[in-house]
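Novice: File name structure_10.cif; file contents mmCIF, C-alpha atoms; full text below.
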data_start
loop_
_atom_site.label_atom_id
_atom_site.label_comp_id
_atom_site.auth_asym_id
_atom_site.auth_seq_id
_atom_site.Cartn_x
_atom_site.Cartn_y
_atom_site.Cartn_z
CA MET Q 29 76.80 122.76 63.92
CA ALA Q 30 76.14 122.01 67.61
CA LEU Q 31 78.20 123.79 70.23
CA GLY Q 32 79.42 120.46 71.62
CA GLU Q 33 81.23 119.87 68.33
CA HIS Q 34 83.21 123.09 68.79
CA CYS Q 35 84.08 122.81 72.47
CA SER Q 36 84.31 120.39 75.38
CA ILE Q 37 81.36 120.12 77.74
CA ILE Q 38 81.65 118.50 81.18
CA GLN Q 39 78.90 118.21 83.77
CA ILE Q 40 79.58 118.30 87.51
CA VAL Q 41 76.76 116.52 89.33
CA GLY Q 42 75.93 115.34 92.83
CA TYR Q 43 73.54 115.99 95.65
CA GLN Q 44 73.39 119.22 97.67
CA ASN Q 45 76.56 120.17 99.58
CA SER Q 46 78.69 117.63 97.70
CA GLY Q 47 81.15 120.31 96.55
CA LYS Q 48 79.95 120.92 92.99
CA THR Q 49 80.42 124.69 92.98
CA THR Q 50 83.87 124.46 94.57
CA LEU Q 51 84.98 121.92 91.96
CA VAL Q 52 83.63 124.04 89.09
CA GLU Q 53 85.50 127.07 90.44
CA LYS Q 54 88.77 125.12 90.52
CA LEU Q 55 88.25 123.71 87.04
CA ILE Q 56 87.52 127.17 85.65
CA ALA Q 57 90.69 128.57 87.24
CA LYS Q 58 92.84 125.71 85.87
CA ALA Q 59 91.33 125.91 82.39
CA LYS Q 60 91.90 129.67 82.29
CA GLN Q 61 95.49 129.10 83.42
CA GLU Q 62 95.87 126.77 80.42
CA GLY Q 63 94.76 129.60 78.13
CA LEU Q 64 91.29 128.24 77.41
CA ARG Q 65 88.11 130.27 76.96
CA VAL Q 66 85.88 128.97 79.74
CA ALA Q 67 82.13 129.23 80.31
CA SER Q 68 79.93 127.78 83.03
CA ILE Q 69 76.24 127.04 83.57
CA LYS Q 70 74.63 126.39 86.95
CA HIS Q 71 71.25 124.77 87.38
CA HIS Q 72 69.25 126.34 90.20
CA GLY Q 73 67.66 123.12 91.32
CA HIS Q 74 66.12 124.18 94.63
CA GLY Q 75 62.95 125.77 93.29
CA GLY Q 76 62.10 129.37 92.51
CA VAL Q 77 64.10 131.92 90.58
CA PRO Q 78 67.87 132.27 91.10
CA ASP Q 79 68.86 134.19 94.21
CA ASN Q 80 70.36 137.24 92.47
CA ILE Q 81 67.06 138.03 90.75
CA CYS Q 82 65.50 138.65 94.15
CA SER Q 83 68.49 140.46 95.67
CA SER Q 84 67.95 144.13 96.50
CA LYS Q 85 71.38 145.09 95.21
CA PHE Q 86 70.25 144.10 91.72
CA LYS Q 87 67.00 146.10 91.92
CA ASP Q 88 67.95 148.75 89.33
CA SER Q 89 69.20 146.28 86.73
CA ILE Q 90 66.17 144.01 87.12
CA ARG Q 91 63.38 146.61 86.98
CA HIS Q 92 62.81 146.13 83.23
CA TYR Q 93 62.57 142.38 83.77
CA LYS Q 94 60.08 142.76 86.61
CA ALA Q 95 58.04 145.17 84.49
CA GLY Q 96 57.45 142.35 82.01
CA ALA Q 97 60.36 142.24 79.54
CA ILE Q 98 61.05 138.67 78.47
CA VAL Q 99 64.75 139.56 78.15
CA SER Q 100 66.54 142.45 79.83
CA SER Q 101 70.20 143.22 80.40
CA VAL Q 102 72.55 145.78 81.85
CA GLU Q 103 76.09 146.31 80.64
CA GLY Q 104 78.96 148.21 82.18
CA ASP Q 105 82.74 148.10 81.82
CA GLY Q 106 82.60 144.98 79.65
CA VAL Q 107 80.31 143.03 81.98
CA LEU Q 108 76.84 142.02 80.77
CA GLN Q 109 74.13 140.89 83.18
CA LEU Q 110 71.20 139.28 81.41
CA SER Q 111 67.82 138.12 82.70
CA ALA Q 112 65.35 136.17 80.57
CA LYS Q 113 61.94 134.65 81.19
CA VAL Q 114 61.13 131.85 78.76
CA ASP Q 115 58.78 128.93 79.34
CA ASN Q 116 60.46 125.51 79.27
CA TRP Q 117 63.95 127.00 79.38
CA SER Q 118 66.25 124.08 78.65
CA LEU Q 119 69.97 123.40 78.83
CA GLU Q 120 70.10 123.18 75.04
CA LYS Q 121 68.66 126.70 74.74
CA THR Q 122 71.31 127.99 77.14
CA LEU Q 123 74.05 126.29 75.13
CA LYS Q 124 72.66 127.84 71.97
CA LEU Q 125 72.95 131.26 73.58
CA TYR Q 126 76.53 130.50 74.64
CA GLU Q 127 77.55 130.02 71.00
CA LEU Q 128 77.76 133.82 70.79
CA PHE Q 129 80.74 133.76 73.14
CA SER Q 130 82.77 131.02 71.36
CA PRO Q 131 83.87 129.10 74.48
CA GLN Q 132 86.35 126.26 74.23
CA VAL Q 133 85.05 124.49 77.32
CA ILE Q 134 81.80 124.68 79.29
CA PHE Q 135 81.49 123.33 82.83
CA ILE Q 136 77.87 122.59 83.73
CA GLU Q 137 76.86 122.32 87.37
CA GLY Q 138 73.80 120.15 87.73
CA TYR Q 139 71.34 118.89 85.07
CA LYS Q 140 71.94 115.29 86.17
CA GLN Q 141 69.80 113.69 83.48
CA GLU Q 142 71.52 115.34 80.52
CA HIS Q 143 73.79 113.25 78.30
CA TYR Q 144 77.11 115.11 78.48
CA PRO Q 145 80.25 113.63 80.09
CA LYS Q 146 79.89 113.77 83.87
CA VAL Q 147 81.88 114.01 87.07
CA VAL Q 148 79.86 112.53 89.94
CA LEU Q 149 80.53 113.74 93.48
CA ILE Q 150 79.77 111.23 96.25
CA ARG Q 151 79.25 112.35 99.88
CA SER Q 152 78.04 109.10 101.44
CA GLN Q 153 77.03 105.54 100.64
CA ASN Q 154 73.49 106.78 99.98
CA ASP Q 155 74.75 108.73 96.95
CA LEU Q 156 75.93 105.58 95.15
CA SER Q 157 72.50 105.30 93.55
CA LEU Q 158 73.65 108.09 91.21
CA LEU Q 159 76.13 105.70 89.62
CA ARG Q 160 73.28 103.38 88.66
CA SER Q 161 70.94 106.06 87.33
CA LEU Q 162 73.29 108.41 85.45
CA THR Q 163 74.97 107.98 82.07
CA ASN Q 164 78.27 109.00 80.49
CA ILE Q 165 80.26 109.12 83.75
CA LYS Q 166 83.90 110.12 83.20
CA CYS Q 167 84.97 109.85 86.82
CA VAL Q 168 83.81 109.75 90.43
CA ILE Q 169 85.13 112.00 93.21
CA SER Q 170 84.31 110.70 96.65
CA HIS Q 171 84.33 112.19 100.16
CA ILE Q 172 84.51 108.66 101.59
CA LYS Q 173 86.33 105.42 100.92
CA LEU Q 174 84.30 103.33 98.50
CA ASP Q 175 84.10 99.60 98.05
CA LYS Q 176 86.09 98.77 94.91
CA GLU Q 177 83.47 96.32 93.71
CA ALA Q 178 80.75 98.98 93.86
CA VAL Q 179 82.69 101.37 91.63
CA LYS Q 180 84.72 98.97 89.52
CA LYS Q 181 83.31 100.39 86.26
CA HIS Q 182 84.46 103.93 87.03
CA ARG Q 183 87.60 106.00 87.45
CA VAL Q 184 87.55 107.00 91.14
CA PHE Q 185 89.39 109.77 92.99
CA GLN Q 186 89.29 110.72 96.64
CA LEU Q 187 88.31 114.31 97.41
CA ASP Q 188 91.80 115.10 98.74
CA GLU Q 189 93.44 113.95 95.46
CA GLU Q 190 92.69 117.33 93.95
CA LYS Q 191 95.73 117.69 91.69
CA PHE Q 192 95.11 114.28 90.13
CA TYR Q 193 91.45 114.77 89.23
CA ILE Q 194 91.87 118.38 88.13
CA ASP Q 195 94.70 117.37 85.79
CA PHE Q 196 92.71 114.36 84.56
CA LEU Q 197 89.68 116.47 83.69
CA ILE Q 198 91.67 119.21 81.96
CA GLU Q 199 93.43 116.51 79.90
CA GLU Q 200 90.00 115.19 78.90
CA VAL Q 201 88.99 118.71 77.83
CA VAL Q 202 92.10 119.16 75.70
CA LYS Q 203 91.74 115.67 74.20
CA LYS Q 204 88.19 116.45 73.05
CA MET Q 205 89.32 119.77 71.58
CA ASP Q 206 92.16 118.10 69.71
CA GLN Q 207 89.76 115.52 68.24
CA ASN Q 208 87.74 118.37 66.78
CA LEU Q 209 90.60 120.53 65.56
CA PHE Q 210 93.18 118.03 64.31
CA LYS Q 211 92.02 115.14 62.15
CA ILE Q 212 93.17 112.42 59.80
CA VAL Q 213 90.28 111.45 57.50
CA ARG Q 214 89.62 109.11 54.60
CA ASP Q 215 86.65 110.91 53.10
CA PRO Q 216 86.78 114.18 51.14
CA ILE Q 217 87.56 117.18 53.35
CA SER Q 218 84.90 119.82 53.93
CA VAL Q 219 86.68 123.18 53.74
CA GLU Q 220 83.67 124.82 55.38
CA GLU Q 221 83.77 122.42 58.32
CA VAL Q 222 87.46 123.10 58.98
CA THR Q 223 86.90 126.84 58.67
CA ASN Q 224 84.01 126.72 61.13
CA GLN Q 225 86.31 125.24 63.76
CA VAL Q 226 88.28 128.51 63.95
CA SER Q 227 85.46 130.95 63.27
CA ARG Q 228 85.05 133.30 66.23
CA ARG Q 229 83.26 136.60 66.67
CA GLU Q 230 86.45 138.33 67.80
CA VAL Q 231 88.65 137.37 64.84
CA GLY Q 232 89.41 139.76 62.00
CA ALA Q 233 91.06 137.33 59.60
CA ILE Q 234 90.89 133.67 58.62
CA THR Q 235 93.54 132.23 56.32
CA LEU Q 236 93.09 128.94 54.53
CA PHE Q 237 95.71 126.69 53.05
CA ILE Q 238 94.17 124.11 50.73
CA GLY Q 239 96.69 121.59 49.49
CA THR Q 240 95.60 119.74 46.35
CA VAL Q 241 97.02 116.94 44.21
CA ARG Q 242 98.83 118.46 41.25
CA GLU Q 243 99.34 116.81 37.89
CA PHE Q 244 102.97 117.67 37.20
CA THR Q 245 105.95 117.57 39.57
CA LYS Q 246 109.36 118.50 38.20
CA GLY Q 247 108.08 117.86 34.71
CA LYS Q 248 106.82 114.38 35.53
CA ARG Q 249 103.10 113.63 35.12
CA THR Q 250 101.30 112.26 38.17
CA LEU Q 251 98.18 110.16 37.66
CA SER Q 252 97.15 109.92 41.34
CA LEU Q 253 98.49 109.74 44.89
CA GLU Q 254 97.94 107.44 47.83
CA TYR Q 255 98.53 108.83 51.33
CA GLN Q 256 99.04 106.62 54.34
CA ALA Q 257 99.69 107.54 57.96
CA TYR Q 258 100.15 106.21 61.46
CA ASP Q 259 96.86 107.81 62.39
CA SER Q 260 97.20 108.21 66.16
CA MET Q 261 100.74 109.56 65.95
CA ALA Q 262 99.82 111.85 63.05
CA VAL Q 263 96.96 113.37 65.07
CA LYS Q 264 99.29 113.76 68.05
CA MET Q 265 101.80 115.64 65.89
CA LEU Q 266 99.10 117.86 64.39
CA SER Q 267 98.03 118.69 67.92
CA GLN Q 268 101.63 119.50 68.81
CA ILE Q 269 101.77 121.92 65.88
CA GLY Q 270 98.61 123.53 67.22
CA LYS Q 271 100.25 124.00 70.63
CA GLU Q 272 103.37 125.47 69.02
CA ILE Q 273 101.24 127.95 67.10
CA LYS Q 274 99.32 128.89 70.24
CA ASN Q 275 102.61 129.54 72.05
CA LYS Q 276 104.01 131.68 69.22
CA TRP Q 277 100.74 133.48 68.39
CA PRO Q 278 98.54 133.33 71.54
CA ASP Q 279 95.55 135.05 69.95
CA SER Q 280 95.34 132.57 67.06
CA TRP Q 281 93.11 129.53 66.50
CA VAL Q 282 94.12 126.66 64.23
CA ALA Q 283 92.44 123.58 62.77
CA ILE Q 284 94.09 121.03 60.48
CA THR Q 285 92.57 118.13 58.56
CA HIS Q 286 94.67 115.80 56.38
CA ARG Q 287 93.18 113.20 54.09
CA ILE Q 288 94.69 109.78 53.48
CA GLY Q 289 93.88 107.05 50.97
CA LYS Q 290 93.69 107.25 47.17
CA LEU Q 291 93.43 110.80 45.80
CA GLU Q 292 92.96 111.90 42.23
CA ILE Q 293 94.31 115.02 40.52
CA THR Q 294 92.79 118.22 42.05
CA ASP Q 295 91.53 116.35 45.15
CA ILE Q 296 92.11 118.19 48.43
CA ALA Q 297 94.79 116.53 50.56
CA VAL Q 298 95.05 118.97 53.46
CA VAL Q 299 93.23 122.01 54.80
CA ILE Q 300 94.72 124.36 57.38
CA ALA Q 301 92.56 127.12 58.81
CA VAL Q 302 94.00 129.81 61.07
CA SER Q 303 92.06 132.70 62.56
CA SER Q 304 93.29 135.72 64.46
CA PRO Q 305 92.23 139.27 65.24
CA HIS Q 306 94.99 140.39 62.84
CA ARG Q 307 95.74 139.18 59.31
CA LYS Q 308 99.55 139.10 59.69
CA THR Q 309 99.32 136.54 62.48
CA ALA Q 310 96.87 134.44 60.46
CA TYR Q 311 99.22 134.41 57.44
CA GLU Q 312 102.36 133.64 59.44
CA ALA Q 313 100.80 130.92 61.57
CA ASN Q 314 99.31 129.18 58.55
CA GLU Q 315 102.64 129.08 56.74
CA TYR Q 316 104.30 127.78 59.90
CA ALA Q 317 101.71 124.99 60.13
CA ILE Q 318 102.30 123.56 56.65
CA GLU Q 319 106.07 123.63 57.07
CA ARG Q 320 105.84 121.81 60.39
CA ILE Q 321 103.47 119.22 58.90
CA LYS Q 322 106.15 118.40 56.35
CA GLN Q 323 108.77 118.12 59.09
CA ILE Q 324 107.16 116.06 61.84
CA VAL Q 325 103.84 114.45 60.85
CA PRO Q 326 104.17 110.72 59.93
CA ILE Q 327 102.30 110.78 56.61
CA TRP Q 328 103.64 109.11 53.50
CA LYS Q 329 102.51 109.20 49.91
CA LYS Q 330 102.75 106.83 46.99
CA GLU Q 331 102.98 108.55 43.63
CA PHE Q 332 101.45 106.86 40.58
CA TRP Q 333 103.13 107.95 37.35
CA GLU Q 334 102.63 106.92 33.75
CA ASP Q 335 105.77 104.76 33.98
CA GLY Q 336 105.70 103.44 37.54
CA THR Q 337 105.14 104.16 41.23
CA MET Q 338 107.22 105.34 44.19
CA TRP Q 339 106.69 105.63 47.95
CA ILE Q 340 107.82 109.03 49.22
CA GLY Q 341 109.13 108.47 52.72
CA ASP Q 342 108.38 111.90 54.13
CA GLN Q 343 106.61 115.06 53.09
CA LEU Q 344 109.90 116.86 52.56
CA GLU Q 345 110.45 114.24 49.83
CA LYS Q 346 114.00 113.48 50.93
CA ASN Q 347 113.47 109.69 51.11
CA GLN Q 348 112.03 107.45 48.40
CA TYR Q 349 111.10 103.76 48.52
CA ALA Q 350 110.55 102.06 45.19
CA GLU Q 351 109.24 98.76 46.53
CA ARG Q 352 107.36 99.41 49.78
CA ARG Q 353 105.85 101.81 52.21
CA PRO Q 354 108.43 103.02 54.77
CA SER Q 355 108.43 101.22 58.11
CA LYS Q 356 107.43 102.87 61.36
CA GLY Q 357 111.02 103.58 62.32
CA GLU Q 358 111.79 105.22 58.99
#
So that I can check it, write out the structure of this file as structure tokens.
Specialist:
Amino acid sequence: MALGEHCSIIQIVGYQNSGKTTLVEKLIAKAKQEGLRVASIKHHGHGGVPDNICSSKFKDSIRHYKAGAIVSSVEGDGVLQLSAKVDNWSLEKTLKLYELFSPQVIFIEGYKQEHYPKVVLIRSQNDLSLLRSLTNIKCVISHIKLDKEAVKKHRVFQLDEEKFYIDFLIEEVVKKMDQNLFKIVRDPISVEEVTNQVSRREVGAITLFIGTVREFTKGKRTLSLEYQAYDSMAVKMLSQIGKEIKNKWPDSWVAITHRIGKLEITDIAVVIAVSSPHRKTAYEANEYAIERIKQIVPIWKKEFWEDGTMWIGDQLEKNQYAERRPSKGE
């Protein structure tokens, strides 16, 4: 599975001295403040090898590299410095390497022609050509006042509106993460796919809750179930449960997928995956998740029995509707 399916990726692009590095620094700090695992990639677009490779203060750590090693590294006190020489080194290869570190968000400085969501920094009117040549632009941050007609297709911030564009971009990051982690689907659920969303190198336990359609409830035989949901609100509530779990167990990761539509006996209705460095947290957080789903997520089910049908108005099964699906207010 591609890294972009596990985490949010945002490019920061613009011409030289447009403020790309400063913006990336601020985004990293804000994302870290929000408890996210952040990574960054910078494209050295001015020709030659990156500056640090040539710096005398790195001479000891780079001697193996200069001697001809295609990859060399030095590690100390938890910090790894790595140098690699590979022909046709691409952004995709770098992202592949970053999978080892399980980031939740990657900010990429440069690589204008790549396809990831972009923030475009504008210094002057001459830079507006970027808006015509680049794709997947999420917003524009400008040093100057821009003609509204020239940028009418884009979300535009002024450089001094820092709080607004930082908050906007972090919200976009979280939104993308939530789309990956919390889902309402109509097709059969892949347990492996949900599990992969919380798989990290640093975890020591992954607990799975797999809810299936059972045949007998309180002695009554069920033939099948039909789940329905207010999809957008259901996803929002699943995301809220994820935030609650993160607040209670900060070192945990959670992914939840719930299926709706017609389900037969033994079909999987919901999968909850929780990972943590410690098994107790993984157990407790998973149990918390299923209980909260029953309490707050707007999903209803219609039970088909041998002698009739019934809409169940909530997952705690306190309300029943013989004739109809419950309304939005119910």
Novice: Give me the residues near Asp335 in chain Q as a list in words, where near means some atom within 12 Å (using all atoms listed in the file) and where sequence neighbours in that chain fewer than 2 positions away do not count.
Specialist: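 Everything that qualifies: Lys248, Arg249, Thr250, Leu251, Glu331, Phe332, Trp333, Thr337 and Met338 of chain Q.
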Novice: Report as JSON, numbers by chain the residues that result from applying the PyMOL selection byres ((chain Q and resi 255-259) around 10) to the structure here.
Specialist: {"Q": [211, 212, 213, 214, 253, 254, 260, 261, 262, 263, 264, 265, 286, 287, 288, 289, 290, 291, 297, 325, 326, 327, 328, 329, 330, 331, 339, 340, 353, 356]}
Novice: Considering all atoms listed in the file, state which residue in the set Q:Gln225, Q:Asn314, Q:Ser118, Q:Ser218 is at the smallest distance from Lys274 in chain Q.
Specialist: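 Closest to Lys274 in chain Q, using all atoms listed in the file: Q:Asn314.
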Novice: Show me, as a Markdown table, the residues of range 165-267 of chain Q having an atom within 9 Å of range 140-151 of chain Q, each with the closest atom pair and its distance in Å, using all atoms listed in the file.
Specialist:
| residue | atom | partner | partner_atom | distance |
| --- | --- | --- | --- | --- |
| Q:Ile165 | CA | Q:Lys146 | CA | 4.7 |
| Q:Lys166 | CA | Q:Lys146 | CA | 5.5 |
| Q:Cys167 | CA | Q:Val147 | CA | 5.2 |
| Q:Val168 | CA | Q:Val148 | CA | 4.9 |
| Q:Ile169 | CA | Q:Leu149 | CA | 4.9 |
| Q:Ser170 | CA | Q:Ile150 | CA | 4.6 |
| Q:His171 | CA | Q:Arg151 | CA | 5.1 |
| Q:Ile172 | CA | Q:Arg151 | CA | 6.6 |
| Q:Leu187 | CA | Q:Leu149 | CA | 8.7 |
| Q:Leu197 | CA | Q:Val147 | CA | 8.8 |
Novice: Closest to Leu159 in chain Q among Q:Val179, Q:Ile98, Q:Leu174, Q:Ile40, using only C-alpha atoms?
Specialist: Q:Val179
Novice: Point out the residue among Q:Asp215, Q:Asp295, Q:Glu272, Q:Glu200 with the least atom-to-atom distance to Ile38 in chain Q, counting only C-alpha atoms.
Specialist: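 When distances to Ile38 in chain Q are compared using only C-alpha atoms, the smallest one comes from Q:Glu200.
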Novice: From the options Q:Phe135, Q:Tyr126, Q:Trp281, Q:Tyr193, which residue's atoms come nearest to Asn224 in chain Q, counting all atoms listed in the file?
Specialist: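 For Asn224 in chain Q, the nearest of the candidates is Q:Trp281.
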Novice: Give me, as a ChimeraX atom specification, all polymer residues having an atom no more than 12 Å from Glu319 in chain Q, counting all atoms listed in the file and skipping those fewer than 3 positions away in the same chain.
Specialist: /Q:237,266,269,273,300,312-316,322-325,343-344
Novice: Would you mind exporting the chosen residues as a PDB file, in the frame of the given file, restricted to C-alpha atoms?
Specialist:
ATOM      1  CA  PHE Q 237      95.710 126.690  53.050  1.00  0.00           C
ATOM      2  CA  LEU Q 266      99.100 117.860  64.390  1.00  0.00           C
ATOM      3  CA  ILE Q 269     101.770 121.920  65.880  1.00  0.00           C
ATOM      4  CA  ILE Q 273     101.240 127.950  67.100  1.00  0.00           C
ATOM      5  CA  ILE Q 300      94.720 124.360  57.380  1.00  0.00           C
ATOM      6  CA  GLU Q 312     102.360 133.640  59.440  1.00  0.00           C
ATOM      7  CA  ALA Q 313     100.800 130.920  61.570  1.00  0.00           C
ATOM      8  CA  ASN Q 314      99.310 129.180  58.550  1.00  0.00           C
ATOM      9  CA  GLU Q 315     102.640 129.080  56.740  1.00  0.00           C
ATOM     10  CA  TYR Q 316     104.300 127.780  59.900  1.00  0.00           C
ATOM     11  CA  LYS Q 322     106.150 118.400  56.350  1.00  0.00           C
ATOM     12  CA  GLN Q 323     108.770 118.120  59.090  1.00  0.00           C
ATOM     13  CA  ILE Q 324     107.160 116.060  61.840  1.00  0.00           C
ATOM     14  CA  VAL Q 325     103.840 114.450  60.850  1.00  0.00           C
ATOM     15  CA  GLN Q 343     106.610 115.060  53.090  1.00  0.00           C
ATOM     16  CA  LEU Q 344     109.900 116.860  52.560  1.00  0.00           C
TER      17      LEU Q 344
END
Novice: Care to translate the PyMOL selection byres ((chain Q and resi 48) around 10) into actual residues of this file, as JSON, numbers by chain?
Specialist: {"Q": [39, 40, 41, 42, 43, 44, 45, 46, 47, 49, 50, 51, 52, 53, 70, 136, 137, 138, 147, 148, 149]}
Novice: List, as a ChimeraX atom specification, every residue that the PyMOL selection byres ((chain Q and resi 229) around 9) selects in the file provided.
Specialist: /Q:128-130,227-228,230-232
Novice: Output the selection as an mmCIF file, in the coordinates of the input - C-alpha atoms for each residue.
Specialist:
data_model
loop_
_atom_site.group_PDB
_atom_site.id
_atom_site.type_symbol
_atom_site.label_atom_id
_atom_site.label_comp_id
_atom_site.auth_asym_id
_atom_site.auth_seq_id
_atom_site.Cartn_x
_atom_site.Cartn_y
_atom_site.Cartn_z
ATOM 1 C CA LEU Q 128 77.760 133.820 70.790
ATOM 2 C CA PHE Q 129 80.740 133.760 73.140
ATOM 3 C CA SER Q 130 82.770 131.020 71.360
ATOM 4 C CA SER Q 227 85.460 130.950 63.270
ATOM 5 C CA ARG Q 228 85.050 133.300 66.230
ATOM 6 C CA GLU Q 230 86.450 138.330 67.800
ATOM 7 C CA VAL Q 231 88.650 137.370 64.840
ATOM 8 C CA GLY Q 232 89.410 139.760 62.000
#
Novice: Could you state the separation of CA of Gly63 in chain Q and CA of Gly270 in chain Q in Å, given to one decimal place?
Specialist: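 That distance, rounded to one decimal, is 13.1 Å.
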Novice: Which residues come within 8 Å of Ala112 in chain Q, counting all atoms listed in the file, excluding same-chain residues fewer than 5 positions away, as number ranges by chain?
Specialist: Q: 93, 97-100
Novice: So which residues fall inside 6 Å of (90.4, 122.8, 62.2) if we count only C-alpha atoms? Mind giving them as a JSON list (two decimals) with C-alpha atoms, in the coordinates of the input?
Specialist:
[["chain", "number", "residue", "atom", "x", "y", "z"],
["Q", 209, "LEU", "CA", 90.60, 120.53, 65.56],
["Q", 210, "PHE", "CA", 93.18, 118.03, 64.31],
["Q", 222, "VAL", "CA", 87.46, 123.10, 58.98],
["Q", 225, "GLN", "CA", 86.31, 125.24, 63.76],
["Q", 282, "VAL", "CA", 94.12, 126.66, 64.23],
["Q", 283, "ALA", "CA", 92.44, 123.58, 62.77],
["Q", 284, "ILE", "CA", 94.09, 121.03, 60.48],
["Q", 301, "ALA", "CA", 92.56, 127.12, 58.81]]
Novice: How many Å separate CA of Thr240 in chain Q from CA of Thr294 in chain Q?
Specialist: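 So the two atoms, CA of Thr240 in chain Q and CA of Thr294 in chain Q, lie 5.4 Å apart.
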Novice: Go through Q:Thr309, Q:Gln132, Q:Gln61, Q:Thr285 and flag the residue nearest Val201 in chain Q, using only C-alpha atoms for the distances.
Specialist: Q:Gln132
Novice: Find the residue from Q:Ile296, Q:Val302, Q:Ala59, Q:Val202 that sits nearest to Thr235 in chain Q; use all atoms listed in the file when measuring.
Specialist: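 Counting all atoms listed in the file, the residue closest to Thr235 in chain Q is Q:Val302.
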Novice: Give me, please, the distance in Å between CA of Arg183 in chain Q and CA of Phe196 in chain Q, quoted to one decimal.
Specialist: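 Here the two named atoms are 10.2 Å from each other.
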Novice: Please put the answer as lines of an AutoDock Vina configuration file: centre and edge lengths, in Å with one decimal, of a box along x, y and z that encloses all listed atoms of range 136-152 of chain Q plus 5 Å on each side.
Specialist:
center_x = 75.8
center_y = 115.8
center_z = 89.9
size_x = 22.1
size_y = 23.5
size_z = 33.1
